[in-house]
Amino acid sequence: MAKAPENLTEAELEERTNAHPMAVPFLFLGRESTIKNFIWFPFAGMVICMALGLIYPPHHKAPWDFFGSWAVIGFAAYSFLVLSAGPLFKLLARDEDYYGEGGLPDPDYSTEGDHHD
Amino acid sequence: MDVLSLFPAWLLEHGAAFAIVLPLLMGAITAILPSRTLAWWTAFIVTLVVTVTSFGLVLNMLSEGATIYSMGGWDPPHGISLVVDALSAPVLLLISAMAVLTVVYGMPATVAEVEPKKRAPFYAAFLICFAGLMGMVVTGDAFNVFVFLEVSSISTYALVAMGSARDRRALTASYNYLIMGSIGATFFVIGLGFLYMETGTLNMADMARILADLDGGSRVAKVAFGFIIVGLGLKLAMFPLHTWLPGAYAYAPSMMTIFLASTATKAALYLLLRFSFTIFDPSFDYVGVLMKYLLVGVGIVGMIFASLQAIFQTDVRRTLAFSSVAQVGYMLLGVGLATAAGLAAGYLHLLNHAIIKGGLFLALGAFWYRFGITRIDDFEGLSKTMPLTMAAFTVSALSLIGVPFTAGFVSKVNLATAAADKGWWWAVGVIVVTSVLAIIYMGRILLLAYFGDAPEIDGEKAKRNEAPLMMLVPMWVLAIMSIAIGSNIFNLGDNFVGAAEAAARLLLGGGA
Amino acid sequence: MIDILQINPGLWIILAGIICAFMPVGHVRKTLVLLAPLFAGVMIFQIYGAQEVIGGVINYAGIEFTTLRIDRLSMIWGYLFCLAGVLNAIYALHEKCRITDSSALIYTGAAIAGVFAGDLLTLFIFWELTALSSVFLVWKGGERSYAAGLRYLAVHVFSGVLLLAGAIVYGRANGGDFTFGHIGLDSPGGLMLLLAMGIKCGFPLFHNWIQDAYPKASITGTVILSVFTTKLALYAIARGFAGEDILIYIGAVMAVFPVFFAVIENDLRRVLAYSLNNQLGFMVCAIGIGTPLAMNGVAGQVITHVIFKGLLFMTMGAVMFRTGTAKASELGGLFRSMPFTTVFCLIGAGSIAAFPLLAAFVTKSMILSAALEEHLYIPLAMLLFASAGVMEHSGIKVPYFTFFSHDSGRRVKEAPWNMLTAMGLASLLCIVFAFPFGGYQLLYSLLPYEVNYHPYTPDHVIFQLQLLFAAITAFCVLKKYGLYPSEKRAEVIDFDWTYRKLGLGIARWIGAMWTRLSVNMTGVRKTCVDGMGKKLYQIFSPAGAMSAAAPSGLAAVLTAGMLVIALLIMFIT
């Protein structure tokens, strides 16, 4: 999927020269279009699995099992979790130096030279 | 018992007398020896020979049972008898072995601490003190006890005073000790006088028999017991009669401190056991009551107060001295329990504590020898400058605290179990609390030594400067003993516990 | 002579650790760190055949210590800890630090020795040793970790004390038998023991030390820490409290609540610490169910969990090693610079989220099936929700924010070779232990009970994939509509607020009030407090009355006083 070098824009060329050689063929993962269209991959997987679920019904049925129940559970639980993050964050988040102990390692705060680039 | 067969028969037969007479005689000779080295060798050889003799006596006691030796062939009650039994034999061995170790250590230490022309008399006084302690333990004659007590005490006053070359305060400490010691001895001898009045004999076995016949005797016997207990209590640094001890320990020459700390109070405690269990009997009302209320009372109070005082000290020698007073409290608690387990625990702690404190003071002496250190603040970074000495100190300190697999743990656990068996849970609590206090007062020294940086001398980090071999060997012998007893290596733990139990059986009249 | 097969294999590693503490040569240390766990593993193999082995019985102070007991359950933990020890050693090869090396070894050894402890008192010794040795790993995280290390130490020492107290109460009730077998909750000793183990295992409300200390430890320290402490506790619970109903609910709650914190937490190592908590919840729940299938699930899950959780911590460590931070808000787009680490992280994420063909797929579904078979629908529903949560925080959040997301512009070097090797090996194991043809059967051969559970049935694969794909779809949808919260720097408060803020605040308030009070009551204070203090000082300090070389006169009076007391006692009673 990697484009030939002559078709690259300046920015892409720079990204390529800075990247790890093994990462070059995968740089498309960072492209806008990939991110935009990525959703179809799990969506298709989900639909296919729901369809297959009709052919292979579960051995042990939980009381809530119905067509595509696991997908629904997954989707609902996940969404609930992520959507709860907003209010929770408002409730629980404090300034990073809340406890006055210097917080977690961070190059911007850190005075120790403990990273090695 | 083929080790026993290596000892010549005459040594075993006359060993008890030999162990007193030899150091006494050689002490007199040493005093006029011209050379310091010669004096040291004399002291070393004498203590070594006596140790071997004591070892033989212990083995002989184990295989043959208790022996009674009549001085000059005069049979008791008219002559003086020497008794080697399960109670006295281990203490004899302890005293003589500690004497050897301190003499070995003393070679370099006295050079640094005692004026050159006083060194030969120093060793002479040491030998006489040693003879006195051995005599106190082995004799079966009550008045003889007093004589030997004075022999050892008077030489000790002189020895403590010799610390004045290092620190002038040794003189006041010695004076204090002299006054207090004399008071104690006087009390003791007054008690003996009353006892003689009551029983008409000075032989211990005779006294015990007559007292038992009289069913405890009259008021005179009671007064006698009171005087003897208080007199001995002073000698063994029973709280609050311990005031002579910190000064004497702190300012005596370090060799003497080691010897004093590990033997003198122990011999006095031995006498306390001897008197209150084999001459008097806890089944007499007044004996039982006095032990239960007075000995246990002062024991417990002493454990707590002396531990607290140890925490507040700035000088390590004094910290250890107060710790000794606290440890005496443990032993008194064991004695006051008056059960087989309690007595065994108290006796075991007597032996173990001698080994532990000996090790601690040995290491402390080495610190002084190299760096002139006695204050706690100066311990900073000592683990870097004297790692081996510090390691030995640490082992002994852990043992003092009572960390598992060390000698201190064994005796503390035995003591706690004995107290719990009797239902004295509060005593168990006190043991735990004082152990925590011990963690504090020893811990802060160890923390400084291990986590502090070595001090700077003239802008340079102090260099590693290990103690001389003659100091390292005895201190490591004691440290390893500590661990060996605690972890039962070479069966040492079992042997010590066995010895303590045998002594307890003897005290409670079950025979050796 | 001592039979070396009677020696607890963990002790060899502790010995190596002690040697390391005094070994100035780095290469020798690294060799020891690498070889000691291997040697211990070989020793386990030599000692353990098929039957339970009991050895190293020591009688000390009248108590029998069984220092070695290997059976089907402890064997699993033993091998696992050895394996983890080797992986950690490889991961830490680049680090030249004597403290880390020796404390890692002693810690590893103590955990192994603790697992092989046959009685509660031996367990207690190693229980405390794990805490004492590992706190240095926390403190290696630098100054900011100092307070957290102290809290960590305090919690664990407390847990140890509780364990000892529980053991004594329990042993006394059983007539002095301290054997560590099934304990049960029907005695007060049992409750104390469970509480002690629960603290170390991170039960809800006792969990804070994990999220407090782990993210603050050094890079290698976190990886090492993540393996042993909680798993040792888990072993103890599995051994002592299998089938206790209350554990089902504790476990379910423990699996669910960290999920919420993980979503809002910014520091990815802390996210993983919450995730660790959540995984432990699954296992605690399964221990509560206690059927053979559930216990197999626990044993299997603990094996895979150590590997993939270690792998995830390793990848985050590698990222931190290169960038200096593990905060989601500061990272992103790193797949361009660290492609191998990215792949390993994705394998770890897939494993923890239980994708088919990756580690947890087999074991986690055993746990879920066990719950289903026992008709425990409420816990099952909670665990399913927690599974979705796992997918969110470990499966998506960690790799996404680190390696993808918006490009942070950081261009760093790939992780050092030794880290890559360790991560590679862990990834390989993640795949092997779930491989349908001979892979998971290998895992089965280690489990404590006979297994006839088939993970790769079509329905199981399909429904698992439904769940996972749906979750990913939800992620994409939420992201697309801007509903997915962006990562913001913050300190997220948890239950530890009660003691780090509230408790501290109360203590400070009392202090301030005290000051105010004492200022206002100078007169009273002077006479009372100062007087008391002075008295104490006067009595106890070296300059004080009790310590000064007491005047001989006073001492003589004291002696006479003692005599009077002695005579009084004798004459009155």
# chains A, B, ... in the order shown; residues from 1 in each chain; ligands from 1
>>> residues_around(residues="Thr257 in chain B", least_positions_apart="3", cutoff="9 Å", atoms="only C-alpha atoms", output="short mmCIF file (atom, residue, chain, number, x, y, z; two decimals) with C-alpha atoms, in the first residue's frame")
data_model
loop_
_atom_site.label_atom_id
_atom_site.label_comp_id
_atom_site.auth_asym_id
_atom_site.auth_seq_id
_atom_site.Cartn_x
_atom_site.Cartn_y
_atom_site.Cartn_z
CA VAL B 160 37.06 0.81 86.67
CA ALA B 248 30.87 2.08 85.67
CA TYR B 249 30.12 0.58 82.27
CA ALA B 250 30.60 3.82 80.42
CA TYR B 251 33.92 4.93 81.83
CA ALA B 252 35.74 1.72 82.69
CA PRO B 253 38.42 0.56 80.24
CA SER B 254 36.48 -1.11 77.45
CA LEU B 260 31.67 -6.61 83.76
CA ALA B 261 28.65 -6.50 81.50
CA SER B 262 28.81 -10.13 80.60
CA GLY B 358 29.65 -8.98 75.42
CA PHE B 361 30.53 -3.89 74.02
CA LEU B 362 33.34 -5.61 72.15
CA GLY B 365 35.33 -0.91 72.14
#
>>> select_by_dssp(residues="range 17-162 of chain B", states="strand (DSSP E)", output="list in words")
Thr67, Ile68, Tyr69, Ser70, Ser81, Leu82, Val83 and Val84 of chain B
>>> residues_around(residues="Leu57 in chain B", least_positions_apart="5", cutoff="12 Å", atoms="only C-alpha atoms", output="ChimeraX atom specification")
/B:3-5,7-19,50-52,62-69,83-86,88-93,96,138
>>> residues_around(residues="range 234-243 of chain C", least_positions_apart="4", cutoff="8 Å", atoms="only C-alpha atoms", output="ChimeraX atom specification")
/C:73-74,77,115,180-185,194,197-198,201,230,247,280,283-284,287-291
>>> residues_around(residues="range 480-490 of chain C", least_positions_apart="4", cutoff="7 Å", atoms="only C-alpha atoms", output="list in words")
Val82, Gly86, Ala93, Arg94, Asp95 and Glu96 of chain A; Asn266, Ala328, Ser329 and Cys476 of chain C
>>> atom_distance(atom1="CA of Ala500 in chain B", atom2="CA of Phe275 in chain B")
17.3 Å
>>> closest_atom_pairs(of="chain B", to="chain C", cutoff="7 Å", atoms="only C-alpha atoms", output="CSV")
residue,atom,partner,partner_atom,distance
B:Asn176,CA,C:Ser552,CA,6.0
B:Ile179,CA,C:Ser552,CA,6.6
B:Met180,CA,C:Ser552,CA,6.7
B:Val223,CA,C:Leu567,CA,6.7
B:Gly226,CA,C:Ala566,CA,5.7
B:Phe227,CA,C:Leu563,CA,6.5
B:Val230,CA,C:Leu563,CA,6.0
B:Leu241,CA,C:Thr559,CA,6.4
B:Thr243,CA,C:Ala550,CA,6.0
B:Trp244,CA,C:Ala549,CA,6.9
B:Gly247,CA,C:Ala549,CA,6.3
B:Tyr286,CA,C:Met570,CA,4.8
B:Val289,CA,C:Met570,CA,6.6
B:Leu290,CA,C:Met570,CA,6.2
B:Leu294,CA,C:Ala566,CA,6.8
B:Gln309,CA,C:Phe540,CA,5.0
B:Phe312,CA,C:Ser541,CA,5.2
B:Gln313,CA,C:Pro542,CA,5.5
B:Val410,CA,C:Ala61,CA,6.9
>>> residues_around(residues="range 468-474 of chain C", least_positions_apart="3", cutoff="9 Å", atoms="only C-alpha atoms", output="number ranges by chain")
A: 39-47, 49, 70-79; C: 353-355, 388, 391-392, 396, 463-465, 477-479
>>> write_last_selection(atoms="N, CA, C and O atoms", output="tab-separated table (two decimals), in the first residue's frame")
chain	number	residue	atom	x	y	z
A	39	ILE	N	-13.62	2.27	10.78
A	39	ILE	CA	-14.85	1.79	11.44
A	39	ILE	C	-15.48	0.61	10.70
A	39	ILE	O	-16.07	-0.26	11.32
A	40	TRP	N	-15.31	0.56	9.39
A	40	TRP	CA	-16.00	-0.50	8.65
A	40	TRP	C	-15.43	-1.87	8.97
A	40	TRP	O	-16.13	-2.86	8.89
A	41	PHE	N	-14.19	-1.91	9.36
A	41	PHE	CA	-13.58	-3.21	9.67
A	41	PHE	C	-14.25	-3.87	10.88
A	41	PHE	O	-14.77	-4.98	10.77
A	42	PRO	N	-14.31	-3.22	12.05
A	42	PRO	CA	-15.00	-3.89	13.17
A	42	PRO	C	-16.49	-4.04	12.91
A	42	PRO	O	-17.09	-5.02	13.36
A	43	PHE	N	-17.06	-3.08	12.21
A	43	PHE	CA	-18.50	-3.16	11.97
A	43	PHE	C	-18.81	-4.41	11.15
A	43	PHE	O	-19.71	-5.19	11.48
A	44	ALA	N	-18.02	-4.62	10.09
A	44	ALA	CA	-18.24	-5.80	9.27
A	44	ALA	C	-18.03	-7.06	10.10
A	44	ALA	O	-18.82	-8.01	10.04
A	45	GLY	N	-16.97	-7.06	10.89
A	45	GLY	CA	-16.71	-8.22	11.74
A	45	GLY	C	-17.89	-8.50	12.64
A	45	GLY	O	-18.32	-9.65	12.80
A	46	MET	N	-18.44	-7.45	13.22
A	46	MET	CA	-19.57	-7.61	14.12
A	46	MET	C	-20.76	-8.21	13.40
A	46	MET	O	-21.37	-9.18	13.88
A	47	VAL	N	-21.05	-7.67	12.25
A	47	VAL	CA	-22.22	-8.15	11.51
A	47	VAL	C	-22.03	-9.61	11.12
A	47	VAL	O	-22.93	-10.44	11.29
A	49	CYS	N	-20.21	-11.85	12.55
A	49	CYS	CA	-20.30	-12.72	13.71
A	49	CYS	C	-21.73	-12.86	14.19
A	49	CYS	O	-22.14	-13.92	14.67
A	70	TRP	N	-24.58	-10.68	22.46
A	70	TRP	CA	-23.23	-10.35	22.93
A	70	TRP	C	-22.75	-9.05	22.30
A	70	TRP	O	-22.06	-8.25	22.92
A	71	ALA	N	-23.12	-8.87	21.03
A	71	ALA	CA	-22.72	-7.63	20.37
A	71	ALA	C	-23.40	-6.44	21.04
A	71	ALA	O	-22.78	-5.41	21.29
A	72	VAL	N	-24.65	-6.63	21.36
A	72	VAL	CA	-25.39	-5.53	22.00
A	72	VAL	C	-24.78	-5.21	23.36
A	72	VAL	O	-24.56	-4.05	23.71
A	73	ILE	N	-24.51	-6.30	24.09
A	73	ILE	CA	-23.89	-6.10	25.41
A	73	ILE	C	-22.59	-5.34	25.25
A	73	ILE	O	-22.33	-4.34	25.93
A	74	GLY	N	-21.76	-5.81	24.33
A	74	GLY	CA	-20.46	-5.17	24.12
A	74	GLY	C	-20.62	-3.71	23.79
A	74	GLY	O	-19.98	-2.83	24.39
A	75	PHE	N	-21.52	-3.42	22.85
A	75	PHE	CA	-21.69	-2.04	22.39
A	75	PHE	C	-22.23	-1.17	23.53
A	75	PHE	O	-21.70	-0.09	23.81
A	76	ALA	N	-23.25	-1.70	24.20
A	76	ALA	CA	-23.90	-0.90	25.24
A	76	ALA	C	-22.95	-0.67	26.41
A	76	ALA	O	-22.79	0.45	26.88
A	77	ALA	N	-22.31	-1.76	26.84
A	77	ALA	CA	-21.43	-1.63	27.99
A	77	ALA	C	-20.31	-0.65	27.68
A	77	ALA	O	-19.97	0.23	28.49
A	78	TYR	N	-19.75	-0.81	26.49
A	78	TYR	CA	-18.63	0.05	26.13
A	78	TYR	C	-19.06	1.52	26.09
A	78	TYR	O	-18.40	2.40	26.62
A	79	SER	N	-20.21	1.73	25.45
A	79	SER	CA	-20.67	3.12	25.33
A	79	SER	C	-20.97	3.71	26.69
A	79	SER	O	-20.58	4.85	26.99
C	353	ALA	N	-7.70	-8.64	26.30
C	353	ALA	CA	-9.10	-8.49	25.91
C	353	ALA	C	-9.70	-9.82	25.48
C	353	ALA	O	-10.88	-9.89	25.17
C	354	ALA	N	-8.89	-10.87	25.47
C	354	ALA	CA	-9.36	-12.22	25.16
C	354	ALA	C	-9.79	-12.39	23.71
C	354	ALA	O	-10.85	-12.94	23.42
C	355	PHE	N	-8.98	-11.90	22.80
C	355	PHE	CA	-9.22	-12.22	21.39
C	355	PHE	C	-8.91	-13.68	21.16
C	355	PHE	O	-7.97	-14.22	21.76
C	388	ALA	N	-15.96	-5.93	28.80
C	388	ALA	CA	-16.04	-4.79	27.89
C	388	ALA	C	-15.10	-3.70	28.38
C	388	ALA	O	-14.44	-3.01	27.59
C	391	MET	N	-11.58	-4.42	27.47
C	391	MET	CA	-11.40	-4.07	26.07
C	391	MET	C	-11.14	-2.58	25.94
C	391	MET	O	-10.27	-2.15	25.17
C	392	GLU	N	-11.87	-1.80	26.72
C	392	GLU	CA	-11.72	-0.35	26.63
C	392	GLU	C	-10.35	0.11	27.13
C	392	GLU	O	-9.58	0.69	26.39
C	396	ILE	N	-7.94	-1.08	24.04
C	396	ILE	CA	-7.97	0.03	23.09
C	396	ILE	C	-7.19	1.22	23.59
C	396	ILE	O	-6.28	1.72	22.93
C	463	PHE	N	-19.19	-15.72	19.59
C	463	PHE	CA	-19.79	-14.78	20.53
C	463	PHE	C	-18.75	-13.88	21.17
C	463	PHE	O	-19.00	-12.71	21.44
C	464	GLN	N	-17.57	-14.42	21.38
C	464	GLN	CA	-16.50	-13.58	21.90
C	464	GLN	C	-16.19	-12.47	20.90
C	464	GLN	O	-16.04	-11.31	21.26
C	465	LEU	N	-16.12	-12.86	19.62
C	465	LEU	CA	-15.79	-11.86	18.60
C	465	LEU	C	-16.90	-10.83	18.48
C	465	LEU	O	-16.64	-9.65	18.26
C	477	VAL	N	-17.41	4.66	16.68
C	477	VAL	CA	-18.58	5.53	16.58
C	477	VAL	C	-18.43	6.71	17.52
C	477	VAL	O	-18.59	7.88	17.13
C	478	LEU	N	-18.08	6.41	18.76
C	478	LEU	CA	-17.96	7.48	19.75
C	478	LEU	C	-16.87	8.46	19.34
C	478	LEU	O	-17.00	9.68	19.50
C	479	LYS	N	-15.82	7.93	18.81
C	479	LYS	CA	-14.70	8.76	18.38
C	479	LYS	C	-15.16	9.68	17.25
C	479	LYS	O	-14.86	10.87	17.21
>>> select_by_dssp(residues="range 98-185 of chain C", states="helix (DSSP H, G or I)", output="count of residues only")
69
>>> residues_around(residues="His20 in chain A", least_positions_apart="5", cutoff="8 Å", atoms="only C-alpha atoms", output="count of residues only")
6
>>> atom_distance(atom1="CA of Asn278 in chain C", atom2="CA of Met254 in chain C")
5.9 Å
>>> closest_atom_pairs(of="range 346-443 of chain B", to="range 452-459 of chain B", cutoff="10 Å", atoms="only C-alpha atoms", output="Markdown table")
| residue | atom | partner | partner_atom | distance |
| --- | --- | --- | --- | --- |
| B:Asp377 | CA | B:Gly452 | CA | 10.0 |
| B:Asp378 | CA | B:Pro455 | CA | 8.3 |
| B:Phe379 | CA | B:Gly452 | CA | 8.2 |
| B:Glu380 | CA | B:Gly452 | CA | 4.7 |
| B:Gly381 | CA | B:Ala454 | CA | 3.9 |
| B:Leu382 | CA | B:Ala454 | CA | 6.4 |
| B:Ser383 | CA | B:Ala454 | CA | 8.2 |
| B:Lys384 | CA | B:Ala454 | CA | 6.4 |
| B:Thr385 | CA | B:Ala454 | CA | 6.8 |
>>> write_last_selection(atoms="C-alpha atoms", output="CSV table (one decimal), in the first residue's frame")
chain,number,residue,atom,x,y,z
B,377,ASP,CA,25.8,10.9,66.4
B,378,ASP,CA,29.3,9.7,65.5
B,379,PHE,CA,28.0,6.3,64.3
B,380,GLU,CA,27.1,7.9,61.0
B,381,GLY,CA,28.5,5.9,58.1
B,382,LEU,CA,30.3,3.4,60.4
B,383,SER,CA,29.1,0.6,58.2
B,384,LYS,CA,31.4,1.9,55.5
B,385,THR,CA,34.4,2.6,57.5
>>> closest_residue(among="C:Gly142, C:Asn208, C:Lys216, C:Ile99", to="Met23 in chain C", atoms="only C-alpha atoms")
C:Ile99
>>> atom_distance(atom1="CA of Ala104 in chain C", atom2="CA of Leu442 in chain C")
28.6 Å
